[in-house]
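Okay, structure first, notes after.
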Amino acid sequence: MNSRTQTPPSGGRGAATLFDKIWDAHVVSSVENGPTQLYIDRHFCHEVTSPQAFNGLRQRGLKVFRPEQTTMTADHNTPTIDQDQPVKDPISRHQLDTFAQNAAYFEMPLFYPLGHQKNGVVHIIGPENGFTHPGATIVCGDSHTSTHGAFGAIAFGIGTSEVEMVLATQCILQSRPKTMRITFNGKLSEGVTAKDLALYMISKLTTGGASGYFVEYAGEAIRNMSMEERMTVCNLSIEMGARGGLIAPDQTTFDYVNGREFAPKGEEWDKKLAYWKTLKTDEGATFDKELVFVAADIQPMITYGTNPGMGMGITESIPTLDSIDEAGRISYQKSLEYMGFGAGEKLEGKAIDYVFLGSCTNGRIEDFRIFANYVKGKKKADNVTAWLVPGSWKVENQIREEGLYEILTEAGFALRQPGCSACLAMNDDKVPAGKYAVSTSNRNFEGRQGPGARTILAGPLVAAAAAVTGRITDPRA
Amino acid sequence: MEKFLTLTSTVVPLPIENVDTDQIIPARFLKATDKNGFGDNLFADWRYNKDGSPKADFVLNNPVYSGTVLVAGKNFGSGSSREHAAWAIDGYGFKVVVSSFFADIFQNNALNNGVLPVVVSAEFLADIFASVTADATSTLTIDLENQTVTNNATGKSETFVINPYKKECLLNGLDDIDYLLSKKAMIEAYEAAR
């Protein structure tokens, strides 16, 4: 991708990490005593975090510097039913109209509004259309941009001021993060998904435990993963505070990218592929921090609190108060009180009200395969409201092509239309106050899925089991 | 952006850890297309009852506490990248947030809006909470030039870290876009060399 001589990574090390290689290839300049001016290859843009950035350009009388390097999709503030009708909420409609006006005014060629066949959740449509490439720098005004790190890219979330910087100059100013490698040795057990691996890791590191770091995931359990699974893991990097997470590209990655609409073609493909094959951490390269886990230690996970670090194995009990740091006890008690749980309580068998399958974390085709495979021949529990929201129209089409739609329908489930939906509940997909939702999304913060909503994060398999039994259920049982 | 120099103020204490940006500004308030008005919904779900009346037990509704400095538990601003969180804090009138730890993206967003995140030690944070609990009129002084924060009730002081470039930006009221726009030729040269 970059034919120039690569500068050695910081610290004067000869051997470089994957992160160092990509970062160094994108440094335009360094501010004296300050951050790095980093070139951005791909910018993803959605309706919620961009309007103020486009306003900024207008106020300064600027154009978008490289319109073809920005991909725009409406996803956060969109309904998941009747998308062919005008959006009912006038404030949401205004935001979507503004998005379209900005795309037109700034002559943005890659604009996928509601109803467009390429529309869907930003971190799902990026990879599936071939916009996400190994070795690239990728940003979006959304913290789950870390998803794209699954391809061996430096991908991270930015604020709206930074969105404006990228639109205006295709660069942002960033301090170089520290590096961490997390290795998962061995194989995952039967019935344990990528989401479980990620929730396990976050429960060990805590919600802020990787702040200031960019993480590389490695080890046999990661290597064995499909691209969809790798995306789930990288997606959740931010939930332990990491700037982002990435995985060295390999044949699995190249096979996924090859042939997609916006992937390099022909001679260009050969050239890129040769470069991409060099993208791995050199033998002897050092990280600021290294952690190693044993994949076989991981069981299906659920969360019991109000941040993603508050997770446990589905058969375990909520930690008792005396196991919590004194400074954190007020927050801990507040959290359990919000959830209606007691310290030391077991959650297996507890009745739940809602199930949400979807989001940039678990809204891809494999998640629907896992869910459908479990519910096949079973019936949805009467006490459960289930929202199954494909991440994109492409995912929705594939669900139909693979015959998953019939399986889901026979089991009493319906599909909604693509979007972020109940992950952040900006639209009408809100879980009512006090109700429990087993959710495949990424955040169990207070009110995240609606004011007063109680979120239990889990993988697609645990969600499927809960949808069928109406209770928190070990899918291996 | 407004220039930031030195500030002495009473503080608003929020001794909760891991305050995420969904608490700072819930997602349903992110539908606006400008930066104004978010201060009214700062901490909305902690601050207001369902009917919109203020919750008496939340610190922003307690007339005893006021000031332009928010002091919060560790890992403030985790979660979503929404800059609306920084706009809400700025819009409410806070100029400084003090905590023992900030989430990365929030920290950047705050600085890009002239709100200064000040990282202090866990001990110093506890000292501030103790002072303000004992006497709500106790003050903090934040001196950006010298990078010091002082608890005027106890006389204890700490230095805080800020990137020298960001410090210059805040002291002079400049932003990153001005800087990047001045580097256009360099960006084009970088692109040409790829």
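Naming scheme: A, B, ... for chains in displayed order of the structure tokens; residues 1 onward per chain; ligands 1 onward as shown.
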Q: Do a neighbour search on B:Trp46 at 8 Å with only C-alpha atoms, toss out local chain neighbours closer than 5 positions, and write the hits as a ChimeraX atom specification.
A: /B:23,55,58
Q. Skipping near chain neighbours, those fewer than 2 positions away, what residues fall within 9 Å of A:Gly115 using only C-alpha atoms, listed as a PyMOL selection string?
A. chain A and resi 83-84+112-113+117-120+393
Q | Interface residues on chain A facing chain B, 8 Å, only C-alpha atoms, written as an MDAnalysis selection string | A | chainID A and resid 1:4 28 31:35 37 39 48:49 51:52 55 77 91:92 95 98 141:143 157:161 164:165 168:169 171:173 207:208 211:212 238:239 241 243 307 328 330:331 424:427 443 445:448 451
**Q.** Per-residue DSSP, stretch 29-126 of chain B, filtered to strand (DSSP E or B), as an MDAnalysis selection string
**A.** chainID B and resid 48 54 69:72 76 78 96:99 102 116:119
Q | Every residue of stretch 76-170 of chain B that DSSP places in alpha helix (DSSP H), as a ChimeraX atom specification | A | /B:84-92,104-111,122-134,164-170
Using only C-alpha atoms, which protein or nucleic acid residues come within 10 Å of A:Asp322? Drop anything in the same chain fewer than 4 positions from it, and give the result as an mmCIF file with C-alpha atoms, in the first residue's frame.
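Final output, result_7.cif:
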data_model
loop_
_atom_site.group_PDB
_atom_site.id
_atom_site.type_symbol
_atom_site.label_atom_id
_atom_site.label_comp_id
_atom_site.auth_asym_id
_atom_site.auth_seq_id
_atom_site.Cartn_x
_atom_site.Cartn_y
_atom_site.Cartn_z
ATOM 1 C CA GLU A 326 -13.708 -0.119 48.572
ATOM 2 C CA ARG A 329 -18.532 -0.220 46.205
ATOM 3 C CA ALA A 343 -24.610 -9.648 45.224
#
Q: Find, counting only C-alpha atoms, the residue in A:Gln449, A:Thr252, A:Asn362, A:Thr303 that gets nearest to A:Phe341.
A: A:Thr303
Q) If you count only C-alpha atoms, which residues fall within 7 Å of stretch 371-382 of chain A, apart from same-chain ones fewer than 6 positions away, as JSON, numbers by chain? A) {"A": [404, 407, 408, 411, 412, 413, 460, 461, 464, 467, 468, 469, 470]}
May I have the selected residues written with N, CA, C and O atoms, as a PDB file, in the first residue's frame?
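The resulting again_9.pdb:
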ATOM      1  N   LEU A 404     -32.794 -19.515   6.329  1.00  0.00           N
ATOM      2  CA  LEU A 404     -32.896 -19.257   7.771  1.00  0.00           C
ATOM      3  C   LEU A 404     -34.216 -18.579   8.103  1.00  0.00           C
ATOM      4  O   LEU A 404     -34.760 -18.729   9.192  1.00  0.00           O
ATOM      5  N   ILE A 407     -36.873 -21.050   8.994  1.00  0.00           N
ATOM      6  CA  ILE A 407     -36.615 -21.652  10.316  1.00  0.00           C
ATOM      7  C   ILE A 407     -37.071 -20.692  11.413  1.00  0.00           C
ATOM      8  O   ILE A 407     -37.759 -21.086  12.357  1.00  0.00           O
ATOM      9  N   LEU A 408     -36.689 -19.435  11.255  1.00  0.00           N
ATOM     10  CA  LEU A 408     -37.016 -18.427  12.272  1.00  0.00           C
ATOM     11  C   LEU A 408     -38.530 -18.225  12.355  1.00  0.00           C
ATOM     12  O   LEU A 408     -39.107 -18.149  13.443  1.00  0.00           O
ATOM     13  N   ALA A 411     -40.344 -20.955  14.058  1.00  0.00           N
ATOM     14  CA  ALA A 411     -40.125 -20.944  15.514  1.00  0.00           C
ATOM     15  C   ALA A 411     -40.804 -19.745  16.180  1.00  0.00           C
ATOM     16  O   ALA A 411     -40.681 -19.554  17.386  1.00  0.00           O
ATOM     17  N   GLY A 412     -41.501 -18.946  15.383  1.00  0.00           N
ATOM     18  CA  GLY A 412     -42.271 -17.846  15.962  1.00  0.00           C
ATOM     19  C   GLY A 412     -41.550 -16.509  15.999  1.00  0.00           C
ATOM     20  O   GLY A 412     -41.965 -15.590  16.716  1.00  0.00           O
ATOM     21  N   PHE A 413     -40.472 -16.385  15.218  1.00  0.00           N
ATOM     22  CA  PHE A 413     -39.723 -15.124  15.188  1.00  0.00           C
ATOM     23  C   PHE A 413     -39.997 -14.360  13.903  1.00  0.00           C
ATOM     24  O   PHE A 413     -40.280 -14.960  12.868  1.00  0.00           O
ATOM     25  N   PRO A 460     -24.956 -14.693  20.605  1.00  0.00           N
ATOM     26  CA  PRO A 460     -26.164 -15.096  19.880  1.00  0.00           C
ATOM     27  C   PRO A 460     -26.723 -16.449  20.331  1.00  0.00           C
ATOM     28  O   PRO A 460     -27.934 -16.672  20.252  1.00  0.00           O
ATOM     29  N   LEU A 461     -25.854 -17.321  20.831  1.00  0.00           N
ATOM     30  CA  LEU A 461     -26.319 -18.645  21.259  1.00  0.00           C
ATOM     31  C   LEU A 461     -27.072 -18.557  22.590  1.00  0.00           C
ATOM     32  O   LEU A 461     -28.148 -19.158  22.750  1.00  0.00           O
ATOM     33  N   ALA A 464     -30.371 -17.025  21.885  1.00  0.00           N
ATOM     34  CA  ALA A 464     -31.319 -17.983  21.290  1.00  0.00           C
ATOM     35  C   ALA A 464     -31.940 -18.864  22.375  1.00  0.00           C
ATOM     36  O   ALA A 464     -33.159 -19.095  22.383  1.00  0.00           O
ATOM     37  N   ALA A 467     -34.433 -16.905  24.315  1.00  0.00           N
ATOM     38  CA  ALA A 467     -35.642 -16.630  23.536  1.00  0.00           C
ATOM     39  C   ALA A 467     -36.589 -17.824  23.541  1.00  0.00           C
ATOM     40  O   ALA A 467     -37.808 -17.670  23.504  1.00  0.00           O
ATOM     41  N   VAL A 468     -36.025 -19.010  23.606  1.00  0.00           N
ATOM     42  CA  VAL A 468     -36.826 -20.232  23.557  1.00  0.00           C
ATOM     43  C   VAL A 468     -37.395 -20.601  24.933  1.00  0.00           C
ATOM     44  O   VAL A 468     -38.542 -21.022  25.049  1.00  0.00           O
ATOM     45  N   THR A 469     -36.598 -20.410  25.973  1.00  0.00           N
ATOM     46  CA  THR A 469     -37.050 -20.818  27.316  1.00  0.00           C
ATOM     47  C   THR A 469     -37.690 -19.663  28.084  1.00  0.00           C
ATOM     48  O   THR A 469     -38.391 -19.890  29.067  1.00  0.00           O
ATOM     49  N   GLY A 470     -37.406 -18.410  27.669  1.00  0.00           N
ATOM     50  CA  GLY A 470     -37.897 -17.256  28.419  1.00  0.00           C
ATOM     51  C   GLY A 470     -37.098 -17.016  29.686  1.00  0.00           C
ATOM     52  O   GLY A 470     -37.482 -16.210  30.528  1.00  0.00           O
TER      53      GLY A 470
END
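We find atom CA of A:Pro90 and atom CA of A:Met72 to be spaced 21.3 Å apart.
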(Q) Residues near A:Ile40, anyone? I mean within 7 Å using only C-alpha atoms, not counting same-chain ones fewer than 6 positions away, as a PyMOL selection string. (A) chain A and resi 137-138+170-171
Can you write just those residues out, C-alpha atoms, as a PDB file, in the first residue's frame?
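out08.pdb was written with the following content:
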ATOM      1  CA  THR A 137      -6.377   3.554   8.673  1.00  0.00           C
ATOM      2  CA  ILE A 138     -10.123   3.734   9.252  1.00  0.00           C
ATOM      3  CA  GLN A 170      -8.266  13.466   5.344  1.00  0.00           C
ATOM      4  CA  CYS A 171      -6.066  13.658   8.463  1.00  0.00           C
TER       5      CYS A 171
END
Q: Name the residues in contact with B:Thr154 at a cut-off of 12 Å, using only C-alpha atoms, excluding same-chain residues fewer than 4 positions from it; report them as a list of chain:residue names.
A: B:Phe124, B:Ala126, B:Asp127, B:Ile128, B:Phe129, B:Ala130, B:Ser131, B:Val132, B:Ala134, B:Asp135, B:Ser138, B:Thr139, B:Leu140, B:Thr141, B:Thr150
